[in-house]
>>> print(open('my_file.cif').read())   # mmCIF, C-alpha atoms (C1' of nucleotides)
data_data
loop_
_atom_site.label_atom_id
_atom_site.label_comp_id
_atom_site.auth_asym_id
_atom_site.auth_seq_id
_atom_site.Cartn_x
_atom_site.Cartn_y
_atom_site.Cartn_z
CA MET A 1 -13.60 8.28 21.05
CA ASN A 2 -15.63 6.09 23.33
CA LEU A 3 -13.53 2.97 23.90
CA PRO A 4 -11.50 1.35 26.67
CA PRO A 5 -7.89 2.63 26.59
CA LEU A 6 -6.42 -0.60 25.20
CA CYS A 7 -8.85 -0.59 22.30
CA GLU A 8 -8.47 3.09 21.69
CA SER A 9 -4.70 2.80 21.26
CA PHE A 10 -5.20 -0.05 18.84
CA VAL A 11 -7.84 1.79 16.85
CA LEU A 12 -5.83 4.99 16.66
CA HIS A 13 -2.78 3.11 15.46
CA PHE A 14 -4.81 1.39 12.77
CA GLY A 15 -6.15 4.72 11.64
CA GLU A 16 -2.62 6.06 11.25
CA MET A 17 -1.43 2.92 9.52
CA GLY A 18 -4.45 3.01 7.26
CA SER A 19 -3.10 6.07 5.54
CA ARG A 20 0.26 4.41 4.90
CA TRP A 21 -1.68 1.72 3.10
CA GLY A 22 -4.07 2.79 0.42
CA ILE A 23 -7.05 3.05 2.80
CA ASN A 24 -8.08 6.11 4.74
CA ARG A 25 -7.97 6.72 8.44
CA THR A 26 -11.62 6.22 9.13
CA VAL A 27 -11.85 2.94 7.24
CA GLY A 28 -8.85 1.67 9.18
CA GLN A 29 -10.45 2.65 12.45
CA ILE A 30 -13.75 1.03 11.60
CA TYR A 31 -12.03 -2.21 10.80
CA ALA A 32 -9.96 -2.07 13.96
CA VAL A 33 -12.99 -1.50 16.13
CA LEU A 34 -14.77 -4.46 14.55
CA PHE A 35 -11.67 -6.60 14.79
CA VAL A 36 -11.30 -6.27 18.55
CA SER A 37 -14.99 -6.17 19.40
CA ASP A 38 -16.37 -9.16 21.29
CA ARG A 39 -19.67 -8.94 19.43
CA PRO A 40 -20.86 -7.75 16.03
CA LEU A 41 -21.60 -4.02 15.85
CA CYS A 42 -24.16 -2.00 13.96
CA ALA A 43 -23.43 1.29 12.26
CA ASP A 44 -24.62 3.34 15.20
CA ASP A 45 -22.38 1.41 17.59
CA ILE A 46 -19.48 2.48 15.42
CA VAL A 47 -20.66 6.10 15.33
CA GLU A 48 -20.77 6.06 19.09
CA ARG A 49 -17.36 4.44 19.55
CA LEU A 50 -15.46 6.50 16.98
CA GLY A 51 -17.36 9.77 17.21
CA ILE A 52 -17.73 10.23 13.45
CA SER A 53 -20.81 10.91 11.36
CA ARG A 54 -23.31 8.27 10.44
CA SER A 55 -22.75 8.84 6.72
CA ASN A 56 -19.04 8.43 7.11
CA VAL A 57 -19.58 5.05 8.75
CA SER A 58 -21.89 4.03 5.94
CA MET A 59 -19.23 4.84 3.37
CA GLY A 60 -16.51 3.16 5.39
CA LEU A 61 -18.53 -0.03 5.65
CA LYS A 62 -19.18 0.06 1.93
CA GLU A 63 -15.46 0.32 1.31
CA LEU A 64 -14.69 -2.56 3.67
CA HIS A 65 -17.42 -4.58 2.04
CA SER A 66 -15.79 -4.07 -1.36
CA TRP A 67 -12.64 -5.53 0.18
CA ASN A 68 -14.58 -8.58 1.35
CA LEU A 69 -13.41 -7.92 4.85
CA LEU A 70 -16.76 -7.91 6.65
CA ARG A 71 -18.88 -10.65 8.10
CA PRO A 72 -22.52 -9.52 8.35
CA HIS A 73 -24.60 -10.88 11.22
CA ASN A 74 -28.36 -10.82 11.37
CA ILE A 75 -29.79 -10.43 14.81
CA GLN A 76 -33.23 -11.91 15.38
CA GLY A 77 -35.91 -9.24 15.58
CA ASP A 78 -33.59 -6.33 14.83
CA ARG A 79 -33.74 -4.64 11.50
CA ARG A 80 -30.28 -3.19 11.77
CA GLU A 81 -27.34 -4.85 10.11
CA PHE A 82 -24.50 -5.97 12.38
CA TYR A 83 -20.92 -6.49 11.29
CA GLY A 84 -17.92 -8.37 12.52
CA THR A 85 -14.64 -9.62 11.07
CA PRO A 86 -13.94 -13.30 10.35
CA ASP A 87 -12.78 -15.14 13.49
CA ASP A 88 -9.96 -16.84 11.64
CA ILE A 89 -7.20 -14.33 11.27
CA TYR A 90 -5.52 -16.43 8.60
CA ALA A 91 -8.67 -16.07 6.52
CA ILE A 92 -8.49 -12.31 7.00
CA VAL A 93 -4.93 -12.17 5.75
CA ARG A 94 -5.74 -14.34 2.76
CA THR A 95 -8.57 -12.03 1.81
CA LEU A 96 -6.40 -9.01 2.26
CA VAL A 97 -3.64 -10.40 0.09
CA ASP A 98 -6.11 -11.55 -2.55
CA GLU A 99 -7.68 -8.14 -2.76
CA ARG A 100 -4.43 -6.27 -2.86
CA LYS A 101 -3.18 -8.60 -5.54
CA LYS A 102 -6.35 -8.00 -7.53
CA ARG A 103 -6.03 -4.23 -7.25
CA GLU A 104 -2.30 -3.67 -7.27
CA ILE A 105 -0.70 -6.53 -9.15
CA ASP A 106 -3.12 -7.95 -11.68
CA PRO A 107 -3.66 -4.70 -13.58
CA THR A 108 0.10 -4.35 -13.87
CA LEU A 109 0.45 -7.87 -15.19
CA THR A 110 -2.18 -7.14 -17.82
CA MET A 111 -0.50 -3.93 -18.83
CA LEU A 112 2.89 -5.63 -19.07
CA ARG A 113 1.52 -8.44 -21.22
CA GLU A 114 0.02 -5.92 -23.61
CA LEU A 115 3.19 -3.90 -23.91
CA LEU A 116 5.28 -7.03 -24.39
CA MET A 117 3.28 -7.94 -27.47
CA GLN A 118 4.13 -4.72 -29.25
CA SER A 119 7.22 -4.47 -31.41
CA PRO A 120 9.72 -1.89 -30.25
CA GLU A 121 10.41 0.82 -32.82
CA SER A 122 13.75 2.00 -31.50
CA GLU A 123 16.70 1.00 -29.42
CA PRO A 124 15.46 2.67 -26.22
CA GLU A 125 12.11 0.97 -26.65
CA ARG A 126 13.81 -2.36 -27.11
CA HIS A 127 15.67 -1.87 -23.86
CA ALA A 128 12.52 -0.72 -22.06
CA GLN A 129 10.74 -3.81 -23.23
CA ASP A 130 13.52 -6.03 -21.92
CA ARG A 131 13.12 -4.43 -18.52
CA MET A 132 9.39 -4.95 -18.66
CA ARG A 133 9.97 -8.58 -19.53
CA GLU A 134 12.13 -9.05 -16.45
CA MET A 135 9.49 -7.43 -14.31
CA HIS A 136 6.78 -9.55 -15.84
CA GLU A 137 8.67 -12.77 -15.21
CA LEU A 138 9.33 -11.91 -11.61
CA ILE A 139 5.73 -11.00 -10.90
CA GLU A 140 4.52 -14.18 -12.56
CA LEU A 141 6.91 -16.20 -10.45
CA MET A 142 5.71 -14.60 -7.25
CA THR A 143 2.01 -14.66 -7.99
CA GLY A 144 2.35 -18.25 -9.17
CA TRP A 145 3.94 -19.18 -5.87
CA TYR A 146 1.19 -17.40 -4.00
CA ALA A 147 -1.62 -19.02 -5.99
CA ASP A 148 -0.08 -22.33 -5.15
CA VAL A 149 0.54 -21.78 -1.47
CA GLN A 150 -2.83 -20.14 -0.99
CA LYS A 151 -4.47 -23.52 -1.50
CA LEU A 152 -2.81 -25.05 1.55
CA GLU A 153 -4.85 -25.45 4.69
CA THR A 154 -3.78 -23.23 7.53
CA GLU A 155 -1.98 -26.10 9.29
CA ARG A 156 0.30 -26.72 6.35
CA LEU A 157 0.86 -23.07 5.77
CA ILE A 158 2.06 -22.59 9.32
CA GLN A 159 4.35 -25.57 8.95
CA LEU A 160 5.81 -24.05 5.80
CA LEU A 161 6.23 -20.58 7.24
CA SER A 162 7.84 -21.94 10.39
CA LEU A 163 10.45 -23.74 8.37
CA GLY A 164 11.48 -20.64 6.49
CA SER A 165 14.58 -21.12 4.41
CA LYS A 166 15.29 -24.45 6.06
CA VAL A 167 13.19 -26.02 3.32
CA VAL A 168 16.15 -25.47 1.07
CA LYS A 169 18.16 -27.85 3.21
CA VAL A 170 15.40 -30.38 2.92
CA LEU A 171 15.44 -29.98 -0.82
CA ASP A 172 19.16 -30.62 -0.92
CA PHE A 173 18.61 -33.68 1.19
CA LYS A 174 15.95 -34.90 -1.19
CA ASP A 175 18.25 -34.40 -4.18
CA LYS A 176 20.90 -36.44 -2.47
CA ILE A 177 18.55 -39.30 -1.70
CA VAL A 178 16.78 -39.31 -5.02
CA SER A 179 20.01 -39.50 -6.95
CA LEU A 180 21.21 -42.54 -5.00
CA PRO A 181 21.29 -45.74 -7.03
CA GLY A 182 18.55 -48.09 -5.89
CA SER A 183 16.91 -45.28 -3.97
CA LEU A 184 14.17 -45.88 -1.48
CA MET A 185 11.74 -43.83 -3.53
CA LYS A 186 8.63 -45.60 -4.56
CA GLY A 187 5.26 -43.79 -4.55
CA LYS A 188 5.44 -39.95 -5.03
CA MET B 1 5.10 13.67 -21.89
CA ASN B 2 8.15 13.22 -24.06
CA LEU B 3 8.70 9.48 -24.35
CA PRO B 4 8.32 6.73 -26.95
CA PRO B 5 4.78 5.29 -26.83
CA LEU B 6 5.79 2.01 -25.17
CA CYS B 7 7.53 3.83 -22.35
CA GLU B 8 4.78 6.37 -21.99
CA SER B 9 2.16 3.66 -21.42
CA PHE B 10 4.37 2.05 -18.82
CA VAL B 11 5.07 5.31 -17.06
CA LEU B 12 1.43 6.37 -17.01
CA HIS B 13 0.40 3.02 -15.59
CA PHE B 14 3.00 3.29 -12.86
CA GLY B 15 1.75 6.73 -12.00
CA GLU B 16 -1.78 5.43 -11.57
CA MET B 17 -0.61 2.43 -9.60
CA GLY B 18 1.55 4.64 -7.46
CA SER B 19 -1.53 6.21 -5.97
CA ARG B 20 -3.01 2.81 -5.07
CA TRP B 21 0.15 2.23 -3.10
CA GLY B 22 1.17 4.81 -0.59
CA ILE B 23 3.32 6.77 -3.07
CA ASN B 24 2.13 9.59 -5.26
CA ARG B 25 1.69 9.67 -8.98
CA THR B 26 4.79 11.68 -9.77
CA VAL B 27 7.08 9.53 -7.67
CA GLY B 28 5.74 6.46 -9.43
CA GLN B 29 6.35 8.02 -12.80
CA ILE B 30 9.86 9.07 -11.96
CA TYR B 31 10.73 5.56 -10.88
CA ALA B 32 9.16 4.08 -13.97
CA VAL B 33 11.08 6.35 -16.27
CA LEU B 34 14.34 5.46 -14.56
CA PHE B 35 13.48 1.78 -14.55
CA VAL B 36 13.07 1.52 -18.31
CA SER B 37 15.76 3.98 -19.29
CA ASP B 38 18.81 2.55 -21.02
CA ARG B 39 21.08 5.05 -19.29
CA PRO B 40 21.10 6.96 -16.01
CA LEU B 41 19.18 10.23 -16.12
CA CYS B 42 19.70 13.58 -14.46
CA ALA B 43 16.93 15.67 -12.96
CA ASP B 44 16.50 17.77 -16.07
CA ASP B 45 16.17 14.67 -18.25
CA ILE B 46 13.25 13.69 -16.06
CA VAL B 47 11.72 17.15 -16.25
CA GLU B 48 11.91 16.93 -20.00
CA ARG B 49 10.43 13.43 -20.24
CA LEU B 50 7.60 13.88 -17.75
CA GLY B 51 6.84 17.55 -18.27
CA ILE B 52 6.74 18.41 -14.56
CA SER B 53 8.53 21.11 -12.62
CA ARG B 54 12.12 20.88 -11.62
CA SER B 55 11.26 21.21 -7.94
CA ASN B 56 8.78 18.39 -8.16
CA VAL B 57 11.48 16.14 -9.58
CA SER B 58 13.80 17.13 -6.79
CA MET B 59 11.24 16.14 -4.19
CA GLY B 60 10.39 12.94 -5.99
CA LEU B 61 14.02 11.90 -6.10
CA LYS B 62 14.37 12.68 -2.43
CA GLU B 63 11.41 10.43 -1.70
CA LEU B 64 12.80 7.60 -3.83
CA HIS B 65 16.14 8.03 -2.15
CA SER B 66 14.51 7.57 1.25
CA TRP B 67 13.16 4.28 -0.08
CA ASN B 68 16.66 3.21 -1.10
CA LEU B 69 15.44 2.67 -4.61
CA LEU B 70 17.97 4.77 -6.51
CA ARG B 71 21.41 4.06 -7.84
CA PRO B 72 23.38 7.31 -8.30
CA HIS B 73 25.90 7.47 -11.13
CA ASN B 74 28.66 10.01 -11.45
CA ILE B 75 29.50 10.99 -14.95
CA GLN B 76 33.06 12.12 -15.54
CA GLY B 77 33.28 15.85 -16.06
CA ASP B 78 29.61 16.54 -15.43
CA ARG B 79 28.54 18.18 -12.22
CA ARG B 80 24.99 16.92 -12.44
CA GLU B 81 23.90 13.85 -10.55
CA PHE B 82 22.57 10.96 -12.63
CA TYR B 83 20.23 8.28 -11.37
CA GLY B 84 19.25 4.79 -12.37
CA THR B 85 17.63 1.79 -10.73
CA PRO B 86 19.55 -1.36 -9.74
CA ASP B 87 19.96 -3.72 -12.68
CA ASP B 88 18.94 -6.73 -10.64
CA ILE B 89 15.20 -6.67 -10.36
CA TYR B 90 15.30 -9.14 -7.50
CA ALA B 91 17.34 -6.65 -5.55
CA ILE B 92 14.72 -4.00 -6.28
CA VAL B 93 11.94 -6.18 -4.94
CA ARG B 94 13.92 -7.03 -1.84
CA THR B 95 14.47 -3.36 -1.13
CA LEU B 96 10.84 -2.60 -1.73
CA VAL B 97 9.64 -5.30 0.61
CA ASP B 98 12.18 -4.32 3.27
CA GLU B 99 11.08 -0.72 3.18
CA ARG B 100 7.40 -1.48 3.23
CA LYS B 101 7.94 -3.85 6.12
CA LYS B 102 9.83 -1.16 7.97
CA ARG B 103 7.11 1.41 7.42
CA GLU B 104 3.94 -0.65 7.49
CA ILE B 105 4.59 -3.70 9.63
CA ASP B 106 7.27 -2.97 12.19
CA PRO B 107 5.46 -0.06 13.86
CA THR B 108 2.40 -2.27 14.23
CA LEU B 109 4.45 -5.04 15.81
CA THR B 110 5.86 -2.57 18.30
CA MET B 111 2.42 -1.24 19.13
CA LEU B 112 1.04 -4.75 19.58
CA ARG B 113 3.87 -5.77 21.87
CA GLU B 114 3.24 -2.74 24.04
CA LEU B 115 -0.48 -3.33 24.29
CA LEU B 116 0.04 -7.01 25.04
CA MET B 117 2.04 -6.14 28.12
CA GLN B 118 -0.81 -4.20 29.69
CA SER B 119 -3.34 -5.94 31.90
CA PRO B 120 -6.89 -5.76 30.63
CA GLU B 121 -9.29 -4.04 33.02
CA SER B 122 -12.52 -5.48 31.69
CA GLU B 123 -14.00 -8.33 29.75
CA PRO B 124 -14.09 -6.47 26.41
CA GLU B 125 -10.48 -5.48 26.88
CA ARG B 126 -9.54 -9.05 27.61
CA HIS B 127 -11.15 -10.14 24.38
CA ALA B 128 -9.54 -7.32 22.44
CA GLN B 129 -6.17 -8.34 23.79
CA ASP B 130 -6.72 -11.93 22.69
CA ARG B 131 -7.39 -10.72 19.18
CA MET B 132 -4.27 -8.59 19.28
CA ARG B 133 -2.29 -11.61 20.42
CA GLU B 134 -3.50 -13.62 17.42
CA MET B 135 -2.56 -10.80 15.12
CA HIS B 136 0.84 -10.46 16.73
CA GLU B 137 1.60 -14.16 16.39
CA LEU B 138 0.64 -14.21 12.74
CA ILE B 139 2.71 -11.20 11.88
CA GLU B 140 5.70 -12.63 13.73
CA LEU B 141 5.33 -15.87 11.83
CA MET B 142 5.25 -14.11 8.49
CA THR B 143 8.03 -11.64 9.15
CA GLY B 144 10.14 -14.45 10.58
CA TRP B 145 9.66 -16.41 7.40
CA TYR B 146 10.57 -13.40 5.34
CA ALA B 147 13.69 -12.60 7.36
CA ASP B 148 14.79 -16.16 6.80
CA VAL B 149 14.05 -16.39 3.10
CA GLN B 150 15.50 -12.98 2.40
CA LYS B 151 18.94 -14.35 3.11
CA LEU B 152 18.82 -16.82 0.23
CA GLU B 153 20.70 -16.00 -2.96
CA THR B 154 18.49 -15.26 -5.91
CA GLU B 155 19.12 -18.71 -7.40
CA ARG B 156 17.77 -20.46 -4.36
CA LEU B 157 14.88 -18.11 -4.03
CA ILE B 158 13.77 -18.82 -7.58
CA GLN B 159 14.06 -22.52 -6.91
CA LEU B 160 11.87 -22.14 -3.85
CA LEU B 161 9.26 -19.97 -5.51
CA SER B 162 9.07 -22.26 -8.51
CA LEU B 163 8.28 -25.20 -6.30
CA GLY B 164 5.38 -23.46 -4.63
CA SER B 165 3.33 -25.73 -2.43
CA LYS B 166 5.08 -28.79 -3.81
CA VAL B 167 7.62 -28.32 -1.04
CA VAL B 168 4.99 -29.76 1.24
CA LYS B 169 5.18 -33.01 -0.67
CA VAL B 170 8.92 -32.98 -0.29
CA LEU B 171 8.52 -32.47 3.43
CA ASP B 172 6.19 -35.44 3.66
CA PHE B 173 8.74 -37.45 1.77
CA LYS B 174 11.44 -36.38 4.16
CA ASP B 175 9.33 -37.34 7.16
CA LYS B 176 8.82 -40.77 5.69
CA ILE B 177 12.51 -41.33 5.04
CA VAL B 178 13.74 -39.90 8.30
CA SER B 179 11.44 -42.08 10.34
CA LEU B 180 12.69 -45.22 8.65
CA PRO B 181 14.74 -47.47 10.94
CA GLY B 182 18.39 -47.37 9.95
CA SER B 183 17.75 -44.33 7.80
CA LEU B 184 20.26 -43.14 5.25
CA MET B 185 20.66 -39.85 7.04
CA LYS B 186 24.09 -39.04 8.19
CA GLY B 187 25.41 -35.47 7.84
CA LYS B 188 23.10 -32.53 8.70
"C1'" DT C 1 37.60 33.40 -3.02
"C1'" DT C 2 34.17 34.25 -6.81
"C1'" DG C 3 30.42 33.15 -9.50
"C1'" DA C 4 28.11 30.08 -12.76
"C1'" DA C 5 25.85 25.69 -12.60
"C1'" DT C 6 23.01 22.95 -10.13
"C1'" DT C 7 20.05 21.42 -6.35
"C1'" DT C 8 16.98 22.23 -2.50
"C1'" DT C 9 13.62 24.61 0.14
"C1'" DC C 10 9.39 26.76 0.90
"C1'" DA C 11 5.24 29.72 0.81
"C1'" DG C 12 1.41 30.05 -1.97
"C1'" DT C 13 -1.83 27.81 -4.92
"C1'" DA C 14 -4.16 23.98 -7.09
"C1'" DT C 15 -5.88 19.42 -6.80
"C1'" DT C 16 -7.43 15.52 -4.54
"C1'" DT C 17 -9.48 13.23 -0.84
"C1'" DG C 18 -12.30 12.98 3.28
"C1'" DT C 19 -16.37 14.44 6.06
"C1'" DT C 20 -20.80 16.08 7.00
"C1'" DG C 21 -25.92 17.06 7.32
"C1'" DA C 22 -29.90 16.83 4.90
"C1'" DA C 23 -32.60 14.62 1.75
"C1'" DA C 24 -33.71 10.50 -0.89
"C1'" DA C 25 -34.10 5.66 -0.98
"C1'" DT C 26 -34.91 1.27 1.03
"C1'" DT C 27 -36.72 -2.06 4.12
"C1'" DC C 28 -40.15 -4.37 6.58
"C1'" DG C 29 -43.79 -4.97 10.33
"C1'" DG C 30 -48.43 -4.16 10.60
"C1'" DC D 1 -50.08 -0.49 0.88
"C1'" DC D 2 -48.48 2.86 4.88
"C1'" DG D 3 -45.11 4.82 7.54
"C1'" DA D 4 -41.45 4.41 11.03
"C1'" DA D 5 -36.78 2.67 11.22
"C1'" DT D 6 -32.75 2.38 8.95
"C1'" DT D 7 -29.37 2.96 5.27
"C1'" DT D 8 -27.47 5.32 1.31
"C1'" DT D 9 -26.48 9.14 -1.59
"C1'" DC D 10 -24.81 13.54 -2.63
"C1'" DA D 11 -23.73 18.51 -2.77
"C1'" DA D 12 -21.27 21.58 0.01
"C1'" DC D 13 -17.50 22.28 2.90
"C1'" DA D 14 -13.03 20.99 5.25
"C1'" DA D 15 -8.64 18.99 5.40
"C1'" DA D 16 -4.73 16.94 3.48
"C1'" DT D 17 -1.63 16.38 -0.26
"C1'" DA D 18 0.71 17.63 -4.41
"C1'" DC D 19 2.85 21.08 -7.45
"C1'" DT D 20 4.97 25.30 -8.72
"C1'" DG D 21 8.08 29.36 -9.27
"C1'" DA D 22 11.13 32.08 -7.00
"C1'" DA D 23 14.60 32.49 -3.85
"C1'" DA D 24 18.13 30.41 -1.00
"C1'" DA D 25 21.67 27.11 -0.56
"C1'" DT D 26 25.23 24.26 -2.29
"C1'" DT D 27 28.89 22.78 -5.20
"C1'" DC D 28 32.96 23.16 -7.67
"C1'" DA D 29 36.07 24.91 -11.47
"C1'" DA D 30 38.92 28.54 -12.16
#
>>> encode(input="my_file.cif", output="structure tokens")
Amino acid sequence: MNLPPLCESFVLHFGEMGSRWGINRTVGQIYAVLFVSDRPLCADDIVERLGISRSNVSMGLKELHSWNLLRPHNIQGDRREFYGTPDDIYAIVRTLVDERKKREIDPTLTMLRELLMQSPESEPERHAQDRMREMHELIELMTGWYADVQKLETERLIQLLSLGSKVVKVLDFKDKIVSLPGSLMKGK
Amino acid sequence: MNLPPLCESFVLHFGEMGSRWGINRTVGQIYAVLFVSDRPLCADDIVERLGISRSNVSMGLKELHSWNLLRPHNIQGDRREFYGTPDDIYAIVRTLVDERKKREIDPTLTMLRELLMQSPESEPERHAQDRMREMHELIELMTGWYADVQKLETERLIQLLSLGSKVVKVLDFKDKIVSLPGSLMKGK
DNA sequence: TTGAATTTTCAGTATTTGTTGAAAATTCGG
DNA sequence: CCGAATTTTCAACAAATACTGAAAATTCAA
């Protein structure tokens, strides 16, 4: 592997982690190398840095592309395609969550909805369906929250995340105020 | 597979999904079968329902145990061990998130912290380290939020999730009130 | 203790997934 | 168009992961 030590450690770790996620080692490494690079890289740059075959890089890039995780750059007077990752790391995380949701959650929601429409033919099936209903409700609640929060600009999102559970206190406070007779509330 | 049709569909789907996560098909199926069952099951019940080998079930249960996802039941006068899943699906999700965080996030945080302490020896390394710093900050923000929210009782959590991004409006409202001269605020 | 019931381990095998080089396909300047 | 540069595909091979049966280990009632 042809990288400065700091980058190499990072890339190796990402490769390992990659396999704990659904993605494979090489794909993880390719992304890592692009993520820390100070300029967009072409396929052969990646071959050189990671010491893997050209075809493997091609397939890795294809995979990353299908995850919407790449930012292609065209360099004037060079036929090769260069790749980087989005500068905004919040954007990266959004994309990642969106894609994982699409692949790991949405199909389950669809399946659950289908099974919930069927009529159970026996007691065990009735119970199974109740469990599925609970699961469906919870997933809907969480994905609904995400769909909603996803729309916030980064600024707001950070504000929200920084508050953590303290928002609950604010909600209590609001309830108190709003229920006061002759409250201050006017618009919104 | 020896299950009523409704359950079989659910179990098969979970098996498929399992492989998109880090876990394998069988482990996913075992959990699914326990999740929808109306009573705790012993290893041989699972063998019978899924049509896989006894040893495979044993390993699958071991894996699920390491994820803290099982609830063992002792049945009076029966030497076999019976397993179920927690009744509270919120508890299941909490466990799941905790474990994934432990396996997929925490090691990365540790690695990042280590690499951030080193001094970059070159310009590319300096840039790489900046990227790592961004990543580190974002992960800390998100895990901090989670650690905080995790402590809420289910009731509160549902309240929070249901609100979604509307909490931001509430925060604006609060800011308005709090900045009023002679505000109503007293306690808190 | 003993030994039947039950669970776990593990070496061997099967299956799946990842990697490669070579060949085919594409792209684009001339 | 042509053909050099570049990318993609794919069949063969390699590596990793999953699954099994048989044997070892454990558990517990008698």
>>> closest_atom_pairs(input="my_file.cif", of="chain A", to="chain C", cutoff="9 Å", atoms="only C-alpha atoms (C1' of nucleotides)", output="JSON lines")
{"residue": "A:Asn24", "atom": "CA", "partner": "C:DG18", "partner_atom": "C1'", "distance": 8.2}
{"residue": "A:Thr26", "atom": "CA", "partner": "C:DG18", "partner_atom": "C1'", "distance": 9.0}
{"residue": "A:Ile52", "atom": "CA", "partner": "C:DT19", "partner_atom": "C1'", "distance": 8.6}
{"residue": "A:Ser53", "atom": "CA", "partner": "C:DT20", "partner_atom": "C1'", "distance": 6.8}
{"residue": "A:Arg54", "atom": "CA", "partner": "C:DT20", "partner_atom": "C1'", "distance": 8.9}
{"residue": "A:Ser55", "atom": "CA", "partner": "C:DT20", "partner_atom": "C1'", "distance": 7.5}
{"residue": "A:Asn56", "atom": "CA", "partner": "C:DT19", "partner_atom": "C1'", "distance": 6.7}
{"residue": "A:Arg79", "atom": "CA", "partner": "C:DC28", "partner_atom": "C1'", "distance": 8.1}
>>> resolve_selection(input="my_file.cif", expression="the PyMOL selection byres ((chain B and resi 149-165) around 7)", output="list in words")
Leu141, Met142, Trp145, Asp148, Val149, Gly164 and Ser165 of chain A; Trp145, Tyr146, Ala147, Asp148, Lys166, Val167 and Val168 of chain B
>>> atom_distance(input="my_file.cif", atom1="CA of Val33 (chain A)", atom2="CA of Ile46 (chain A)")
7.6 Å
>>> resolve_selection(input="my_file.cif", expression="the PyMOL selection byres ((chain D) within 10 of (chain B))", output="PyMOL selection string")
chain D and resi 17-21+27-28
>>> resolve_selection(input="my_file.cif", expression="the PyMOL selection byres ((chain B and resi 72) around 10)", output="ChimeraX atom specification")
/B:40-42,65,69-71,73-75,81-86
>>> atom_distance(input="my_file.cif", atom1="CA of Glu123 (chain A)", atom2="CA of Glu8 (chain B)")
15.0 Å
>>> atom_distance(input="my_file.cif", atom1="CA of Glu137 (chain A)", atom2="CA of Leu109 (chain A)")
9.6 Å
>>> axis_aligned_box(input="my_file.cif", around="region 3-15 of chain D", padding_each_side="6 Å", output="AutoDock Vina command-line options")
--center_x -26.9 --center_y 12.3 --center_z 4.2 --size_x 48.5 --size_y 31.9 --size_z 26.0
>>> residues_around(input="my_file.cif", residues="Val11 (chain A)", least_positions_apart="3", cutoff="8 Å", atoms="only C-alpha atoms (C1' of nucleotides)", output="list in words")
Cys7, Glu8, Phe14, Gly15, Gly28, Gln29, Ile30, Ala32 and Val33 of chain A
>>> write_last_selection(input="my_file.cif", atoms="C-alpha atoms", output="compact mmCIF listing (two decimals), keeping the file's coordinate frame")
# COMPACT_ATOMS: atom_id res chain seq x y z
CA CYS A 7 -8.85 -0.59 22.30
CA GLU A 8 -8.47 3.09 21.69
CA PHE A 14 -4.81 1.39 12.77
CA GLY A 15 -6.15 4.72 11.64
CA GLY A 28 -8.85 1.67 9.18
CA GLN A 29 -10.45 2.65 12.45
CA ILE A 30 -13.75 1.03 11.60
CA ALA A 32 -9.96 -2.07 13.96
CA VAL A 33 -12.99 -1.50 16.13
>>> closest_residue(input="my_file.cif", among="A:Glu48, A:Asp38, A:Asp88, A:Glu99", to="chain B", atoms="all atoms listed in the file")
A:Asp38
>>> closest_residue(input="my_file.cif", among="A:Val27, A:Met1, A:Met132, A:Ala43", to="chain B", atoms="only C-alpha atoms")
A:Met132
>>> closest_residue(input="my_file.cif", among="B:Ala128, B:Ala91, B:Leu138, B:Leu64", to="chain A", atoms="all atoms listed in the file")
B:Ala128
>>> closest_residue(input="my_file.cif", among="B:Gly77, B:Gly51, B:Lys102, B:His13", to="chain A", atoms="only C-alpha atoms")
B:His13
